[in-house]
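*Asks:* I am attaching a structure below and will ask some questions about it afterwards.
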Amino acid sequence: MLEQKYILTDADGVLLDWEVDFNKWMTAKGYTKRVSDVYAMETAYDIDRAESKALVRQFNSCAWMGYLPVFRDAKSGVAKLVEMGYKFICITSLSLDENAAKLRMSNLENIFGKGVFEELICLDTGADKDEVLEKYKDTGMYWIEDKVQNANLGDTLGLKSILIDHGHNLDSKLNNGVVRVGKWAHIVDIIAKD
């Protein structure tokens with residue numbers, strides 16, 4: 001019997017379109033997005049950093065976490081990789097709230113199917129992924145991210161890092177080993193050739 005193959009992946013901005021629903025939620029609260037294609041929500045909404053962090057934490061712990069839409073072509077890309085024998089481990093800086101984690105897993109299962117995600121690792125809102133990724137050091141596993149810092153970290157730790165393009169990361173400096181892609185179809189092609 002073949003050993004199970006795994007892919008490590010972030011959730012927001014990779015599997016799920018967090019930003020679209022965060023904007024809807026913020027609009028309902030009376031906030032207006034001022035700047036597009038930035039990672040920092042305090043810049044996007046022209047608000048204080050502390051207020052921004054509190055709002056992101058509140059959003060990440062609310063019922064919306066069970067209903068975020070799929071990101072780009074992630075559904076078809078993940079399905080093709082599952083057909084190729086892969087399962088996924090999702091590492092997300094969502095929240096430490098247990099119910100938010102349950103909603104996140106429910107959201108992933110509703111979109112991608114049960115059994116696709118072997119494990120969901122939820123870190124605190126905005127937390128660094130260093131400690132978790134260290135467990136997979138030098139495994140050569142694929143690591144799919146949208147945050148440059150985390151993609152570079154994966155590369156440094158001996159993972160095959162793939163960065164999903166966003167307006168906020170297009171001009172960022174990547175380690176030589178990080179591969180930049182625009183959609184999941186490209187990820188499938190890369191992994192299929194490996």
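Residues in the structure tokens are numbered from 1 in each chain, the chains being A, B, ... in the order shown, and ligands are numbered from 1 in the order shown.
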Please report as a tab-separated table every residue of region 30-98 of chain A lying within 7 Å of region 7-17 of chain A, along with the nearest atom pair and their distance in Å (one decimal), using only C-alpha atoms.
*Replies:*
residue	atom	partner	partner_atom	distance
A:Leu68	CA	A:Leu16	CA	6.1
A:Pro69	CA	A:Asp17	CA	5.5
A:Val70	CA	A:Leu16	CA	4.5
A:Phe71	CA	A:Leu16	CA	4.5
A:Ala74	CA	A:Leu15	CA	5.6
A:Tyr86	CA	A:Ile7	CA	6.8
A:Lys87	CA	A:Ile7	CA	6.4
A:Phe88	CA	A:Ile7	CA	4.9
A:Ile89	CA	A:Leu8	CA	4.9
A:Cys90	CA	A:Thr9	CA	4.9
A:Ile91	CA	A:Asp10	CA	5.1
A:Thr92	CA	A:Asp10	CA	5.3
*Asks:* Would you mind exporting the chosen residues as a PDB file, in the first residue's frame, restricted to C-alpha atoms?
*Replies:*
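Once everything was written out, this is selection_35.pdb:
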ATOM      1  CA  LEU A  68     -17.060  31.867   3.101  1.00  0.00           C
ATOM      2  CA  PRO A  69     -17.106  31.372  -0.689  1.00  0.00           C
ATOM      3  CA  VAL A  70     -14.530  29.324  -2.533  1.00  0.00           C
ATOM      4  CA  PHE A  71     -11.429  31.163  -3.737  1.00  0.00           C
ATOM      5  CA  ALA A  74      -9.671  26.137  -5.712  1.00  0.00           C
ATOM      6  CA  TYR A  86      -3.519  13.742  -2.142  1.00  0.00           C
ATOM      7  CA  LYS A  87      -5.102  14.784   1.139  1.00  0.00           C
ATOM      8  CA  PHE A  88      -4.714  18.196   2.722  1.00  0.00           C
ATOM      9  CA  ILE A  89      -3.574  19.625   6.035  1.00  0.00           C
ATOM     10  CA  CYS A  90      -4.894  23.150   6.478  1.00  0.00           C
ATOM     11  CA  ILE A  91      -2.875  25.572   8.610  1.00  0.00           C
ATOM     12  CA  THR A  92      -4.753  28.801   9.238  1.00  0.00           C
TER      13      THR A  92
END
*Asks:* What lies within 12 Å of Lys80 (chain A) using only C-alpha atoms, ignoring chain neighbours under 3 positions off, as a ChimeraX atom specification?
*Replies:* /A:73-77,83-87,112,116,184-189,191-192
*Asks:* Just to be explicit: take each residue in the selection above, keep all heavy atoms, and write the result as a compact mmCIF listing (two decimals), in the first residue's frame.
*Replies:*
# COMPACT_ATOMS: atom_id res chain seq x y z
N ASP A 73 -10.39 29.18 -8.50
CA ASP A 73 -10.64 27.82 -9.00
C ASP A 73 -10.18 26.75 -8.02
O ASP A 73 -9.85 25.63 -8.41
CB ASP A 73 -9.98 27.62 -10.37
CG ASP A 73 -8.46 27.71 -10.31
OD1 ASP A 73 -7.93 28.40 -9.41
OD2 ASP A 73 -7.81 27.08 -11.16
N ALA A 74 -10.17 27.08 -6.72
CA ALA A 74 -9.67 26.14 -5.71
C ALA A 74 -10.46 24.83 -5.69
O ALA A 74 -9.88 23.75 -5.53
CB ALA A 74 -9.69 26.78 -4.32
N LYS A 75 -11.77 24.91 -5.89
CA LYS A 75 -12.59 23.69 -5.81
C LYS A 75 -12.16 22.67 -6.86
O LYS A 75 -11.94 21.49 -6.55
CB LYS A 75 -14.08 24.02 -5.95
CG LYS A 75 -14.97 22.82 -5.74
CD LYS A 75 -16.43 23.20 -5.72
CE LYS A 75 -17.28 21.98 -5.46
NZ LYS A 75 -18.70 22.33 -5.31
N SER A 76 -12.01 23.10 -8.09
CA SER A 76 -11.62 22.15 -9.15
C SER A 76 -10.17 21.72 -8.98
O SER A 76 -9.83 20.55 -9.22
CB SER A 76 -11.85 22.75 -10.54
OG SER A 76 -11.07 23.93 -10.72
N GLY A 77 -9.30 22.63 -8.55
CA GLY A 77 -7.90 22.28 -8.34
C GLY A 77 -7.72 21.26 -7.25
O GLY A 77 -7.00 20.26 -7.41
N GLU A 83 -7.99 13.43 -6.71
CA GLU A 83 -7.99 12.32 -7.68
C GLU A 83 -6.59 11.74 -7.86
O GLU A 83 -6.43 10.56 -8.15
CB GLU A 83 -8.50 12.81 -9.04
CG GLU A 83 -9.99 13.03 -9.11
CD GLU A 83 -10.41 13.65 -10.45
OE1 GLU A 83 -9.63 13.63 -11.43
OE2 GLU A 83 -11.54 14.17 -10.49
N MET A 84 -5.56 12.58 -7.68
CA MET A 84 -4.17 12.14 -7.80
C MET A 84 -3.67 11.48 -6.51
O MET A 84 -2.50 11.08 -6.44
CB MET A 84 -3.27 13.33 -8.17
CG MET A 84 -3.55 13.89 -9.55
SD MET A 84 -2.79 15.53 -9.87
CE MET A 84 -1.09 15.30 -9.42
N GLY A 85 -4.55 11.37 -5.51
CA GLY A 85 -4.19 10.66 -4.29
C GLY A 85 -3.76 11.53 -3.11
O GLY A 85 -3.31 11.01 -2.10
N TYR A 86 -3.94 12.84 -3.22
CA TYR A 86 -3.52 13.74 -2.14
C TYR A 86 -4.64 14.01 -1.15
O TYR A 86 -5.82 14.02 -1.51
CB TYR A 86 -3.06 15.09 -2.71
CG TYR A 86 -1.71 15.03 -3.36
CD1 TYR A 86 -1.59 14.83 -4.73
CD2 TYR A 86 -0.54 15.16 -2.61
CE1 TYR A 86 -0.34 14.77 -5.35
CE2 TYR A 86 0.71 15.11 -3.21
CZ TYR A 86 0.80 14.90 -4.57
OH TYR A 86 2.03 14.84 -5.17
N LYS A 87 -4.24 14.24 0.10
CA LYS A 87 -5.10 14.78 1.14
C LYS A 87 -4.44 16.07 1.61
O LYS A 87 -3.27 16.31 1.32
CB LYS A 87 -5.26 13.80 2.30
CG LYS A 87 -6.16 12.64 1.95
CD LYS A 87 -6.66 11.96 3.19
CE LYS A 87 -7.68 10.91 2.79
NZ LYS A 87 -8.46 10.46 3.92
N PHE A 112 -15.34 21.40 -0.44
CA PHE A 112 -14.38 20.47 -1.03
C PHE A 112 -14.70 19.00 -0.78
O PHE A 112 -14.12 18.13 -1.41
CB PHE A 112 -12.97 20.78 -0.50
CG PHE A 112 -12.53 22.18 -0.83
CD1 PHE A 112 -12.57 23.18 0.11
CD2 PHE A 112 -12.06 22.49 -2.11
CE1 PHE A 112 -12.16 24.48 -0.20
CE2 PHE A 112 -11.66 23.78 -2.43
CZ PHE A 112 -11.71 24.77 -1.46
N VAL A 116 -11.33 15.27 2.64
CA VAL A 116 -10.28 15.94 1.85
C VAL A 116 -9.23 16.53 2.79
O VAL A 116 -8.03 16.46 2.52
CB VAL A 116 -10.88 17.03 0.94
CG1 VAL A 116 -9.80 17.88 0.31
CG2 VAL A 116 -11.78 16.39 -0.12
N TRP A 184 -5.29 27.75 -9.15
CA TRP A 184 -5.08 26.37 -8.75
C TRP A 184 -4.75 25.45 -9.92
O TRP A 184 -4.05 24.45 -9.76
CB TRP A 184 -6.30 25.84 -7.98
CG TRP A 184 -6.20 26.18 -6.53
CD1 TRP A 184 -6.56 27.34 -5.93
CD2 TRP A 184 -5.68 25.34 -5.50
NE1 TRP A 184 -6.29 27.28 -4.58
CE2 TRP A 184 -5.77 26.06 -4.29
CE3 TRP A 184 -5.17 24.04 -5.49
CZ2 TRP A 184 -5.35 25.52 -3.08
CZ3 TRP A 184 -4.74 23.52 -4.28
CH2 TRP A 184 -4.84 24.26 -3.09
N ALA A 185 -5.21 25.78 -11.11
CA ALA A 185 -4.88 24.97 -12.29
C ALA A 185 -3.37 24.90 -12.46
O ALA A 185 -2.83 23.85 -12.84
CB ALA A 185 -5.55 25.53 -13.53
N HIS A 186 -2.67 25.99 -12.16
CA HIS A 186 -1.21 26.01 -12.25
C HIS A 186 -0.59 25.12 -11.18
O HIS A 186 0.41 24.46 -11.42
CB HIS A 186 -0.68 27.43 -12.12
CG HIS A 186 -1.17 28.36 -13.19
ND1 HIS A 186 -1.46 29.67 -12.96
CD2 HIS A 186 -1.43 28.15 -14.51
CE1 HIS A 186 -1.88 30.24 -14.07
NE2 HIS A 186 -1.88 29.33 -15.02
N ILE A 187 -1.19 25.12 -9.99
CA ILE A 187 -0.69 24.27 -8.90
C ILE A 187 -0.82 22.81 -9.30
O ILE A 187 0.11 22.01 -9.11
CB ILE A 187 -1.45 24.56 -7.59
CG1 ILE A 187 -1.19 25.99 -7.12
CG2 ILE A 187 -1.09 23.53 -6.51
CD1 ILE A 187 -2.06 26.43 -5.97
N VAL A 188 -1.94 22.44 -9.86
CA VAL A 188 -2.16 21.06 -10.30
C VAL A 188 -1.09 20.67 -11.32
O VAL A 188 -0.51 19.58 -11.24
CB VAL A 188 -3.59 20.87 -10.87
CG1 VAL A 188 -3.75 19.50 -11.50
CG2 VAL A 188 -4.63 21.10 -9.79
N ASP A 189 -0.81 21.54 -12.28
CA ASP A 189 0.21 21.25 -13.30
C ASP A 189 1.58 21.04 -12.67
O ASP A 189 2.30 20.11 -13.02
CB ASP A 189 0.30 22.40 -14.32
CG ASP A 189 -0.92 22.48 -15.23
OD1 ASP A 189 -1.69 21.50 -15.29
OD2 ASP A 189 -1.10 23.54 -15.85
N ILE A 191 2.33 20.12 -9.54
CA ILE A 191 2.38 18.90 -8.74
C ILE A 191 2.31 17.65 -9.62
O ILE A 191 3.00 16.65 -9.37
CB ILE A 191 1.27 18.91 -7.66
CG1 ILE A 191 1.57 20.05 -6.67
CG2 ILE A 191 1.16 17.57 -6.95
CD1 ILE A 191 0.49 20.28 -5.62
N ALA A 192 1.54 17.72 -10.68
CA ALA A 192 1.43 16.57 -11.61
C ALA A 192 2.76 16.24 -12.27
O ALA A 192 3.06 15.08 -12.57
CB ALA A 192 0.36 16.84 -12.66
*Asks:* Which residues, written as a ChimeraX atom specification, have at least one atom at most 10 Å from region 128-136 of chain A, with only C-alpha atoms counted and residues fewer than 6 positions away on the same chain left out?
*Replies:* /A:8,10,91-93,121,143,149-150,153-154,157-159
*Asks:* Using only C-alpha atoms, which residues sit within 7 Å of region 162-170 of chain A once same-chain residues fewer than 4 positions away are excluded, as number ranges by chain?
*Replies:* A: 14, 37-39, 143-146, 148, 151, 178-183
*Asks:* For the residues selected in the previous step, produce a file with N, CA, C and O atoms as a CSV table (one decimal), in the first residue's frame.
*Replies:*
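Written file, part.csv:
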chain,number,residue,atom,x,y,z
A,14,VAL,N,-6.5,31.4,-0.3
A,14,VAL,CA,-6.0,30.3,-1.0
A,14,VAL,C,-7.1,29.3,-1.3
A,14,VAL,O,-7.2,28.9,-2.4
A,37,ASP,N,-6.2,45.9,-2.8
A,37,ASP,CA,-4.9,45.2,-3.1
A,37,ASP,C,-3.8,45.5,-2.0
A,37,ASP,O,-2.7,45.6,-2.3
A,38,VAL,N,-4.3,45.5,-0.7
A,38,VAL,CA,-3.3,45.6,0.4
A,38,VAL,C,-3.7,44.5,1.4
A,38,VAL,O,-4.8,44.1,1.5
A,39,TYR,N,-2.6,44.0,2.1
A,39,TYR,CA,-2.8,43.0,3.0
A,39,TYR,C,-3.3,43.5,4.4
A,39,TYR,O,-4.2,42.9,5.0
A,143,TRP,N,3.5,23.4,0.1
A,143,TRP,CA,3.0,24.4,1.0
A,143,TRP,C,2.4,25.5,0.2
A,143,TRP,O,3.1,26.2,-0.5
A,144,ILE,N,1.1,25.7,0.3
A,144,ILE,CA,0.4,26.7,-0.6
A,144,ILE,C,-0.1,27.9,0.3
A,144,ILE,O,-0.8,27.6,1.3
A,145,GLU,N,0.3,29.1,0.0
A,145,GLU,CA,0.1,30.3,0.8
A,145,GLU,C,-0.1,31.5,0.0
A,145,GLU,O,0.1,31.5,-1.2
A,146,ASP,N,-0.7,32.5,0.6
A,146,ASP,CA,-0.8,33.8,-0.1
A,146,ASP,C,0.0,34.9,0.6
A,146,ASP,O,0.2,36.0,0.0
A,148,VAL,N,3.5,36.3,1.7
A,148,VAL,CA,4.9,36.1,1.3
A,148,VAL,C,5.8,35.6,2.4
A,148,VAL,O,6.6,34.7,2.2
A,151,ALA,N,5.2,31.9,2.8
A,151,ALA,CA,5.7,31.2,1.7
A,151,ALA,C,7.2,31.1,1.8
A,151,ALA,O,7.8,30.0,1.6
A,178,VAL,N,10.5,29.7,-4.1
A,178,VAL,CA,9.1,29.9,-4.0
A,178,VAL,C,8.6,30.1,-5.5
A,178,VAL,O,9.1,30.9,-6.2
A,179,VAL,N,7.5,29.3,-5.8
A,179,VAL,CA,6.9,29.4,-7.1
A,179,VAL,C,5.6,30.3,-7.0
A,179,VAL,O,4.8,30.1,-6.1
A,180,ARG,N,5.5,31.2,-7.9
A,180,ARG,CA,4.3,32.1,-7.9
A,180,ARG,C,3.3,31.6,-8.9
A,180,ARG,O,3.7,31.3,-10.1
A,181,VAL,N,2.0,31.5,-8.5
A,181,VAL,CA,1.0,31.1,-9.4
A,181,VAL,C,-0.3,32.0,-9.3
A,181,VAL,O,-0.4,32.7,-8.3
A,182,GLY,N,-1.1,32.0,-10.4
A,182,GLY,CA,-2.3,32.8,-10.4
A,182,GLY,C,-3.5,32.0,-10.0
A,182,GLY,O,-4.5,32.6,-9.5
A,183,LYS,N,-3.5,30.7,-10.2
A,183,LYS,CA,-4.7,29.9,-9.9
A,183,LYS,C,-4.3,28.5,-9.6
A,183,LYS,O,-3.2,28.0,-9.8
*Asks:* Of the residues A:Leu103, A:Thr125, A:Leu108, A:Gly177, which is the one nearest to Ser52 (chain A), using only C-alpha atoms?
*Replies:*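 Of the candidates, the smallest distance to Ser52 (chain A) is held by A:Thr125.
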*Asks:* Compile the contact shell of Val35 (chain A) as a PyMOL selection string: residues with an atom at most 9 Å away, counting only C-alpha atoms, same-chain residues fewer than 6 positions apart removed.
*Replies:* chain A and resi 43-46
*Asks:* For the atom pair CA of Tyr31 (chain A) and CA of Gly126 (chain A), what is the interatomic distance in Å to one decimal place?
*Replies:*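 The value is 20.8 Å.
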*Asks:* Mind pulling up the distance from CA of Leu120 (chain A) to CA of Val82 (chain A)?
*Replies:* 16.5 Å
*Asks:* So which bits of chain A end up alpha helix (DSSP H) when you DSSP the backbone, as a ChimeraX atom specification?
*Replies:* /A:18-28,41-44,49-60,74-83,98-112,130-134,148-156,184-193
*Asks:* If you measure from CA of Tyr142 (chain A) to CA of Asn176 (chain A), what distance in Å do you get, rounded to one decimal?
*Replies:* 15.2 Å
